[in-house]
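A.B. asks: My structure is in model_22.txt, and what it holds is compact mmCIF, C-alpha atoms:
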# COMPACT_ATOMS: atom_id res chain seq x y z
CA MET A 1 11.41 8.99 -30.57
CA LEU A 2 10.78 5.51 -29.24
CA ALA A 3 13.64 3.02 -29.20
CA PRO A 4 13.03 -0.43 -30.77
CA THR A 5 11.27 -2.97 -28.51
CA PRO A 6 13.80 -4.72 -26.26
CA ALA A 7 14.48 -8.46 -26.24
CA ALA A 8 13.63 -10.51 -23.14
CA GLY A 9 17.23 -10.43 -21.82
CA PRO A 10 17.68 -6.64 -21.60
CA LEU A 11 14.12 -6.26 -20.27
CA LEU A 12 14.85 -8.75 -17.47
CA ARG A 13 18.12 -6.96 -16.69
CA GLU A 14 16.40 -3.57 -16.25
CA TRP A 15 13.72 -5.00 -13.94
CA LEU A 16 16.31 -6.82 -11.85
CA LEU A 17 18.22 -3.55 -11.44
CA ILE A 18 15.04 -1.73 -10.40
CA GLY A 19 14.20 -4.51 -7.93
CA LEU A 20 17.64 -4.26 -6.38
CA GLN A 21 18.06 -0.48 -6.21
CA SER A 22 14.63 0.80 -5.30
CA PHE A 23 15.18 1.23 -1.56
CA GLY A 24 12.65 3.70 -0.24
CA GLY A 25 9.34 2.05 -0.96
CA GLY A 26 6.71 2.69 -3.60
CA ASN A 27 7.64 6.25 -4.51
CA ALA A 28 11.28 5.36 -5.07
CA THR A 29 10.31 2.30 -7.11
CA PHE A 30 7.86 4.28 -9.22
CA ALA A 31 10.45 6.99 -9.88
CA LEU A 32 13.01 4.40 -10.93
CA ILE A 33 10.56 2.61 -13.26
CA ARG A 34 9.63 5.85 -15.00
CA GLN A 35 13.24 6.94 -15.30
CA THR A 36 14.27 3.60 -16.79
CA PHE A 37 11.48 3.01 -19.28
CA VAL A 38 10.61 6.55 -20.35
CA GLU A 39 13.72 8.67 -19.95
CA ARG A 40 16.70 6.36 -20.22
CA LYS A 41 15.63 3.51 -22.52
CA HIS A 42 12.79 5.26 -24.41
CA TRP A 43 10.83 2.01 -24.56
CA ILE A 44 7.56 3.71 -23.55
CA GLU A 45 6.25 7.18 -24.35
CA ALA A 46 5.66 9.58 -21.44
CA GLY A 47 1.94 10.04 -22.22
CA GLU A 48 1.41 6.30 -22.55
CA PHE A 49 3.20 5.78 -19.25
CA ASN A 50 0.85 8.22 -17.48
CA ARG A 51 -2.16 6.46 -18.98
CA LEU A 52 -0.92 3.08 -17.77
CA PHE A 53 -0.31 4.49 -14.30
CA ALA A 54 -3.83 5.91 -14.10
CA LEU A 55 -5.24 2.51 -15.02
CA VAL A 56 -3.40 0.63 -12.29
CA GLN A 57 -4.93 2.92 -9.65
CA ILE A 58 -8.20 1.06 -9.97
CA ALA A 59 -6.75 -2.44 -10.35
CA PRO A 60 -6.81 -4.77 -7.34
CA GLY A 61 -3.66 -5.41 -5.33
CA ILE A 62 -0.27 -3.72 -5.46
CA ASN A 63 -0.40 -0.90 -8.03
CA LEU A 64 3.25 -1.18 -8.99
CA LEU A 65 2.90 -4.88 -9.80
CA ALA A 66 -0.06 -4.06 -12.04
CA LEU A 67 2.06 -1.36 -13.72
CA ASN A 68 4.87 -3.89 -14.10
CA ILE A 69 2.40 -6.30 -15.79
CA LEU A 70 1.03 -3.64 -18.16
CA ILE A 71 4.53 -2.52 -19.18
CA GLY A 72 5.61 -6.12 -19.75
CA LYS A 73 2.56 -6.83 -21.88
CA ARG A 74 3.00 -3.64 -23.91
CA LEU A 75 6.61 -4.56 -24.75
CA LEU A 76 6.65 -8.34 -25.20
CA GLY A 77 3.17 -9.77 -24.59
CA TRP A 78 2.82 -12.61 -22.09
CA ARG A 79 6.54 -13.35 -22.23
CA GLY A 80 7.13 -9.72 -21.26
CA ILE A 81 4.76 -10.03 -18.30
CA LEU A 82 6.55 -13.07 -16.90
CA VAL A 83 10.02 -11.58 -17.41
CA SER A 84 8.99 -8.25 -15.82
CA LEU A 85 7.26 -9.74 -12.80
CA PHE A 86 10.11 -12.18 -12.14
CA GLY A 87 12.73 -9.45 -12.54
CA LEU A 88 11.11 -6.99 -10.13
CA LEU A 89 10.07 -9.54 -7.50
CA LEU A 90 13.18 -11.73 -7.26
CA PRO A 91 15.54 -9.18 -5.65
CA SER A 92 12.85 -7.37 -3.61
CA VAL A 93 11.35 -10.54 -2.16
CA ALA A 94 14.77 -12.02 -1.42
CA VAL A 95 15.86 -8.90 0.49
CA ALA A 96 12.55 -8.68 2.40
CA THR A 97 12.78 -12.36 3.41
CA LEU A 98 16.41 -12.07 4.52
CA LEU A 99 15.70 -8.92 6.55
CA THR A 100 12.73 -10.60 8.24
CA ALA A 101 14.69 -13.76 8.97
CA GLY A 102 17.50 -11.67 10.46
CA TYR A 103 15.04 -9.72 12.56
CA ALA A 104 13.29 -12.92 13.75
CA ARG A 105 16.61 -14.20 15.15
CA VAL A 106 17.40 -11.11 17.22
CA GLN A 107 13.88 -9.96 18.15
CA HIS A 108 14.07 -11.17 21.77
CA THR A 109 17.33 -9.43 22.66
CA ALA A 110 17.23 -6.26 24.74
CA ILE A 111 18.76 -4.17 21.94
CA ALA A 112 16.09 -5.32 19.48
CA ARG A 113 13.33 -4.54 21.97
CA ASN A 114 14.64 -1.03 22.59
CA ALA A 115 15.01 -0.48 18.85
CA LEU A 116 11.42 -1.71 18.42
CA HIS A 117 10.24 0.97 20.84
CA GLY A 118 11.77 3.51 18.46
CA PHE A 119 10.92 2.15 15.05
CA LEU A 120 7.38 1.06 15.87
CA PRO A 121 6.17 4.63 16.52
CA ALA A 122 8.23 5.77 13.50
CA THR A 123 6.42 3.19 11.35
CA VAL A 124 3.10 4.41 12.72
CA GLY A 125 4.02 8.02 11.89
CA LEU A 126 4.98 7.07 8.34
CA GLY A 127 1.82 4.99 7.99
CA CYS A 128 -0.14 8.12 8.85
CA VAL A 129 1.73 10.00 6.11
CA THR A 130 0.67 7.33 3.57
CA SER A 131 -2.88 7.47 4.84
CA ILE A 132 -3.02 11.27 4.68
CA GLN A 133 -1.61 11.29 1.15
CA MET A 134 -4.24 8.79 -0.03
CA ALA A 135 -7.06 10.73 1.61
CA HIS A 136 -5.69 14.05 0.37
CA THR A 137 -5.92 13.04 -3.32
CA SER A 138 -9.50 11.82 -2.87
CA LEU A 139 -10.60 14.86 -0.88
CA LYS A 140 -9.13 17.15 -3.53
CA GLU A 141 -11.31 15.43 -6.13
CA ALA A 142 -14.29 15.78 -3.83
CA LYS A 143 -13.64 19.49 -3.33
CA LYS A 144 -13.91 20.04 -7.08
CA GLU A 145 -17.51 18.79 -6.87
CA GLY A 146 -18.41 21.31 -4.18
CA ARG A 147 -18.55 21.67 -0.42
CA LEU A 148 -21.26 19.02 0.03
CA SER A 149 -19.08 16.40 -1.60
CA LEU A 150 -16.09 17.39 0.54
CA VAL A 151 -18.16 17.05 3.71
CA LEU A 152 -19.40 13.62 2.57
CA GLY A 153 -15.80 12.59 1.93
CA LEU A 154 -14.73 13.58 5.44
CA VAL A 155 -17.74 11.81 6.92
CA LEU A 156 -16.94 8.59 5.02
CA LEU A 157 -13.33 8.82 6.17
CA ALA A 158 -14.22 9.20 9.85
CA ALA A 159 -17.23 6.85 9.81
CA SER A 160 -15.24 3.99 8.26
CA GLY A 161 -12.55 4.36 10.89
CA LEU A 162 -15.11 4.41 13.71
CA ALA A 163 -17.17 1.53 12.29
CA VAL A 164 -14.14 -0.76 12.23
CA GLY A 165 -12.27 0.62 15.23
CA LYS A 166 -15.10 1.23 17.71
CA LEU A 167 -18.03 -0.87 16.48
CA GLY A 168 -15.93 -3.81 15.31
CA TRP A 169 -17.58 -4.08 11.86
CA ALA A 170 -15.91 -6.32 9.26
CA VAL A 171 -13.61 -4.43 6.93
CA LEU A 172 -14.71 -5.53 3.47
CA PRO A 173 -18.42 -4.64 3.90
CA VAL A 174 -17.38 -1.21 5.23
CA LEU A 175 -15.16 -0.64 2.19
CA PHE A 176 -17.90 -1.78 -0.17
CA LEU A 177 -20.53 0.34 1.56
CA ALA A 178 -18.31 3.44 1.44
CA GLY A 179 -17.70 2.82 -2.27
CA CYS A 180 -21.42 2.49 -3.00
CA ILE A 181 -22.40 5.59 -1.02
CA GLN A 182 -19.80 7.69 -2.79
CA ALA A 183 -20.76 6.20 -6.18
CA MET A 184 -24.40 7.21 -5.70
CA ALA A 185 -23.45 10.64 -4.36
CA THR A 186 -21.06 11.37 -7.21
CA GLY A 187 -23.61 10.16 -9.76
CA TRP A 188 -26.28 12.41 -8.22
CA LEU A 189 -24.04 15.47 -7.86
CA ARG A 190 -22.80 15.24 -11.43
CA ARG A 191 -26.34 14.96 -12.77
CA LYS A 192 -27.28 18.06 -10.80
CA ALA A 193 -24.27 20.04 -11.89
CA PRO A 194 -22.57 18.25 -14.78
CA VAL A 195 -18.85 18.88 -15.13
CA GLU A 196 -18.34 20.56 -18.49
CA GLU A 197 -16.83 18.32 -21.11
CA PRO A 198 -13.92 19.92 -22.90
CA THR A 199 -14.87 20.67 -26.51
CA ARG A 200 -12.74 18.91 -29.06
CA MET B 201 -3.26 -23.40 10.82
CA ASN B 202 -4.99 -24.40 7.61
CA PRO B 203 -2.64 -23.39 4.76
CA LEU B 204 -5.41 -23.11 2.18
CA LEU B 205 -7.49 -20.83 4.39
CA TYR B 206 -4.35 -18.86 5.27
CA PHE B 207 -3.64 -18.39 1.54
CA TRP B 208 -7.26 -17.42 0.88
CA LEU B 209 -7.18 -14.72 3.60
CA PHE B 210 -4.13 -13.16 1.94
CA LEU B 211 -5.61 -13.49 -1.55
CA LYS B 212 -8.99 -12.08 -0.51
CA ALA B 213 -7.36 -9.10 1.19
CA SER B 214 -5.41 -8.20 -1.98
CA LEU B 215 -8.25 -8.98 -4.35
CA PHE B 216 -10.64 -6.51 -2.70
CA SER B 217 -8.24 -3.66 -2.15
CA THR B 218 -5.85 -1.49 -4.05
CA GLY B 219 -2.44 -0.08 -3.21
CA GLY B 220 0.40 -1.50 -1.16
CA PHE B 221 -1.23 -1.28 2.27
CA GLY B 222 -4.84 -1.54 1.07
CA ASN B 223 -4.90 -5.19 2.12
CA LEU B 224 -3.85 -4.37 5.69
CA PRO B 225 -7.27 -3.75 7.30
CA SER B 226 -8.73 -7.04 6.07
CA LEU B 227 -5.62 -9.12 6.92
CA HIS B 228 -5.34 -7.46 10.31
CA HIS B 229 -8.90 -8.40 11.18
CA ASP B 230 -8.84 -11.98 9.83
CA LEU B 231 -5.44 -13.10 11.12
CA LEU B 232 -5.90 -11.55 14.57
CA ALA B 233 -9.36 -13.07 14.97
CA ARG B 234 -7.88 -16.54 14.37
CA GLY B 235 -4.83 -15.91 16.51
CA TRP B 236 -2.55 -16.52 13.51
CA ALA B 237 -0.72 -13.22 13.91
CA THR B 238 0.00 -10.70 16.65
CA GLU B 239 -0.22 -6.91 16.57
CA SER B 240 3.53 -6.58 16.82
CA GLN B 241 4.06 -8.92 13.84
CA PHE B 242 2.06 -6.44 11.77
CA ALA B 243 4.23 -3.57 12.94
CA GLU B 244 7.42 -5.51 12.31
CA SER B 245 6.45 -6.57 8.80
CA MET B 246 5.41 -3.01 7.92
CA MET B 247 8.81 -1.90 9.13
CA VAL B 248 10.57 -4.44 6.89
CA GLY B 249 8.30 -3.42 4.01
CA GLN B 250 9.32 0.22 4.42
CA ILE B 251 13.05 -0.51 4.35
CA SER B 252 13.11 -3.26 1.69
CA PRO B 253 13.50 -2.36 -2.00
CA GLY B 254 10.53 -2.60 -4.34
CA PRO B 255 6.85 -1.83 -3.77
CA ASN B 256 5.72 -1.21 -0.15
CA GLY B 257 3.09 -3.87 -0.74
CA LEU B 258 5.75 -6.52 -0.27
CA TRP B 259 5.38 -6.00 3.49
CA VAL B 260 3.10 -9.08 3.37
CA ILE B 261 6.11 -11.21 2.37
CA SER B 262 7.54 -10.37 5.76
CA LEU B 263 4.21 -10.99 7.50
CA GLY B 264 4.08 -14.41 5.81
CA TYR B 265 7.56 -15.24 7.08
CA LEU B 266 6.88 -14.12 10.65
CA THR B 267 3.57 -15.97 10.93
CA ASP B 268 4.28 -19.18 8.98
CA GLY B 269 7.96 -19.34 7.97
CA LEU B 270 8.95 -19.98 4.36
CA ARG B 271 5.59 -21.57 3.56
CA GLY B 272 3.93 -18.33 4.67
CA THR B 273 6.38 -16.34 2.53
CA LEU B 274 5.42 -18.33 -0.56
CA CYS B 275 1.68 -18.11 0.22
CA ALA B 276 1.94 -14.36 0.64
CA LEU B 277 4.03 -13.97 -2.52
CA LEU B 278 1.53 -15.91 -4.62
CA ALA B 279 -1.41 -14.11 -3.03
CA VAL B 280 -0.09 -10.63 -3.86
CA SER B 281 1.18 -11.58 -7.34
CA LEU B 282 -2.13 -12.90 -8.70
CA PRO B 283 -4.62 -10.01 -8.18
CA PRO B 284 -2.60 -7.42 -10.18
CA PHE B 285 -3.16 -9.60 -13.27
CA LEU B 286 -6.78 -8.44 -13.19
CA VAL B 287 -5.44 -5.10 -14.45
CA LEU B 288 -5.51 -6.74 -17.90
CA ILE B 289 -9.29 -7.13 -17.59
CA VAL B 290 -9.66 -3.72 -15.94
CA GLU B 291 -7.86 -2.20 -18.94
CA ARG B 292 -10.54 -3.60 -21.26
CA ILE B 293 -13.54 -2.72 -19.09
CA TYR B 294 -12.23 0.74 -18.33
CA ARG B 295 -12.34 1.63 -22.03
CA ALA B 296 -16.10 1.04 -21.92
CA VAL B 297 -16.97 2.92 -18.71
CA GLU B 298 -14.14 5.46 -18.65
CA GLY B 299 -15.11 8.64 -16.86
CA HIS B 300 -18.46 7.35 -15.58
CA PRO B 301 -19.25 9.28 -12.37
CA ALA B 302 -20.35 6.20 -10.43
CA VAL B 303 -17.10 4.37 -11.21
CA GLU B 304 -15.01 7.33 -10.08
CA GLY B 305 -17.18 7.73 -7.00
CA PHE B 306 -16.85 4.10 -6.01
CA MET B 307 -13.08 4.20 -6.25
CA ARG B 308 -12.98 7.37 -4.19
CA GLY B 309 -15.26 6.02 -1.46
CA LEU B 310 -13.06 2.93 -1.26
CA THR B 311 -9.89 4.97 -0.88
CA LEU B 312 -11.38 7.21 1.81
CA ALA B 313 -12.56 4.23 3.82
CA ILE B 314 -9.15 2.55 3.58
CA SER B 315 -7.45 5.75 4.78
CA GLY B 316 -9.79 6.07 7.76
CA ILE B 317 -9.47 2.44 8.83
CA PHE B 318 -5.72 2.58 8.37
CA VAL B 319 -5.29 5.33 10.96
CA VAL B 320 -7.40 3.39 13.48
CA ILE B 321 -5.23 0.32 12.98
CA LEU B 322 -2.07 2.36 13.44
CA LEU B 323 -3.32 3.71 16.76
CA ASN B 324 -4.25 0.17 17.81
CA LEU B 325 -0.67 -0.84 17.14
CA LEU B 326 0.67 1.70 19.61
CA HIS B 327 -2.04 0.79 22.07
CA SER B 328 -1.37 -2.96 21.96
CA ALA B 329 2.36 -2.36 22.39
CA GLY B 330 1.46 -0.59 25.64
CA MET B 331 2.65 2.72 24.27
CA ILE B 332 -0.61 4.60 24.58
CA THR B 333 -3.62 3.93 26.79
CA PRO B 334 -7.29 4.09 25.80
CA PHE B 335 -8.72 7.61 25.72
CA TRP B 336 -5.25 9.03 26.31
CA SER B 337 -5.70 8.74 30.09
CA SER B 338 -1.95 8.66 30.49
CA VAL B 339 0.37 9.61 27.70
CA ASN B 340 3.84 8.19 27.27
CA ALA B 341 5.93 10.95 25.74
CA ARG B 342 8.50 8.85 23.91
CA PRO B 343 6.37 6.93 21.37
CA LEU B 344 4.18 9.95 20.65
CA THR B 345 7.18 12.20 20.10
CA ILE B 346 8.78 9.67 17.75
CA ALA B 347 5.52 9.05 15.84
CA ILE B 348 4.84 12.77 15.37
CA ALA B 349 8.46 13.48 14.41
CA ALA B 350 8.30 10.66 11.81
CA LEU B 351 5.01 12.02 10.50
CA LEU B 352 6.46 15.51 10.10
CA LEU B 353 9.72 14.30 8.56
CA GLY B 354 7.83 11.96 6.21
CA SER B 355 5.46 14.75 5.10
CA THR B 356 8.37 16.90 3.89
CA LYS B 357 9.01 14.25 1.17
CA ARG B 358 12.70 15.19 1.50
CA VAL B 359 13.80 12.43 3.88
CA PRO B 360 13.66 8.85 2.57
CA PHE B 361 11.31 6.61 4.61
CA PRO B 362 13.92 3.90 5.38
CA LEU B 363 16.17 6.57 6.89
CA ILE B 364 13.32 7.73 9.15
CA ILE B 365 12.75 4.15 10.36
CA ILE B 366 16.46 3.76 11.13
CA LEU B 367 16.47 7.13 12.94
CA GLY B 368 13.49 5.92 14.98
CA ALA B 369 15.36 2.76 15.97
CA VAL B 370 18.41 4.81 17.00
CA VAL B 371 16.25 7.11 19.13
CA GLY B 372 14.68 4.02 20.70
CA LEU B 373 18.13 2.70 21.61
CA LEU B 374 19.32 5.96 23.12
CA TRP B 375 16.14 7.08 24.88
CA HIS B 376 14.70 4.44 27.23
For this file, write the structure as structure tokens.
C.D. replies:
Amino acid sequence: MLAPTPAAGPLLREWLLIGLQSFGGGNATFALIRQTFVERKHWIEAGEFNRLFALVQIAPGINLLALNILIGKRLLGWRGILVSLFGLLLPSVAVATLLTAGYARVQHTAIARNALHGFLPATVGLGCVTSIQMAHTSLKEAKKEGRLSLVLGLVLLAASGLAVGKLGWAVLPVLFLAGCIQAMATGWLRRKAPVEEPTR
Amino acid sequence: MNPLLYFWLFLKASLFSTGGFGNLPSLHHDLLARGWATESQFAESMMVGQISPGPNGLWVISLGYLTDGLRGTLCALLAVSLPPFLVLIVERIYRAVEGHPAVEGFMRGLTLAISGIFVVILLNLLHSAGMITPFWSSVNARPLTIAIAALLLGSTKRVPFPLIIILGAVVGLLWH
């Protein structure tokens, strides 16, 4: 059962709490949003939440901000969007700015430089994890279409990296080109071997 | 530094990408080419992004601060807040083309390219910090060990990312 739609005050309060507590990046934030809106407050149905989350995957920019906007709109229209965005961003942005300002003050000390030599490679390692996770989801989709599609996926992955890293191509054209190649390939593969539609 | 152009570079990068770090390749290229940011500022802002609360994508807030102070912070904030509003249009269009193979394919190609470019940029970061040399002619054990350990720890999904960053900093302090 869904709870009645919240007023602007309680909605703002929940987003502020999420913005303050969600240490641990996107996954932690996403988990907290779902827990708050679906499980604790019952303001949004679980199925509806999944549908919204699928939609934000193809929206430009930060996915979680797009999710925040869709949830706000669903609950309170444009007022909901403004309240939600403000509530999530205020604490997160304030903390990020303060941390950066603090870091900027100490960055030239010996301790900060030694720490940098530790956390920079750690950041690189974690960046690779993010990259692998993104590629993994896409390659899994490709594998469903057959071996040819999987090979194409791997080629696109490596070729984009080489084009930018070794040949110095501009990033946006490479992204666009990769998108178009895969769009044509997927269109062609599906026509050849259409995925069966589930019967209703 | 032209503030309008600076804002446009941030906006463009977010507009034509998806996900928290999707804007990194484009920003990295544009800001470095103009000398408005350094490699290490990218690493530092990603670090802050990983340990701050909220979406990872807010790493650009930190990049804005490091490269142009509070004005940069506000530019970056506005630039990442606007593009997600297009989800309202996407929601409408998606109803019409939902499940079309070409649409799915395009999104997938985009994601694969971002992943590939991302890894190259990460290796460049280590390279520019003098931690690895081109073609691995001489390998410095410390950064590689830390990077691989972070990758393995992060892949388990059991250890929170901010904790891994802090562990990395501690190792850096003790081992030098």
A.B. asks: How many Å lie between CA of Cys275 (chain B) and CA of Leu211 (chain B), rounded to one decimal?
C.D. replies: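 Separation of CA of Cys275 (chain B) and CA of Leu211 (chain B): 8.8 Å.
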A.B. asks: So how far away is CA of Glu291 (chain B) from CA of Leu88 (chain A), in Å?
C.D. replies: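 Going from CA of Leu88 (chain A) over to CA of Glu291 (chain B), I get 21.5 Å.
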A.B. asks: Which residue is closest to chain B? Choose from A:Ile44, A:Leu154, A:Leu177, A:Ala66 and count only C-alpha atoms.
C.D. replies: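 With only C-alpha atoms as the atom set, the closest residue is A:Ala66.
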A.B. asks: Taking all atoms listed in the file into account and nothing else, which residues of chain A lie no more than 6 Å away from chain B? Please answer as a ChimeraX atom specification.
C.D. replies: /A:19,22-26,29,59-63,66,92,96,100,114-115,117-119,121-122,124-126,129,131,135,138,157-158,160-161,165,171,175,178-180,182-183,186-187
A.B. asks: Can you measure CA of His42 (chain A) to CA of Arg295 (chain B) for me? One decimal in Å is fine.
C.D. replies: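 Atom-to-atom, CA of His42 (chain A) to CA of Arg295 (chain B), that is 25.5 Å.
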A.B. asks: Do a neighbour search on Val83 (chain A) at 8 Å with all atoms listed in the file, toss out local chain neighbours closer than 4 positions, and write the hits as a ChimeraX atom specification.
C.D. replies: /A:8,11-12,72,79,87
A.B. asks: Determine, counting only C-alpha atoms, which protein, DNA and RNA residues have an atom within 7 Å of an atom of Ile69 (chain A); residues of the same chain fewer than 6 positions away are not included. Present the result as a list of chain:residue names.
C.D. replies: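 Skipping anything fewer than 6 positions along the chain leaves A:Ile81, A:Ser84, A:Leu85, B:Phe285.
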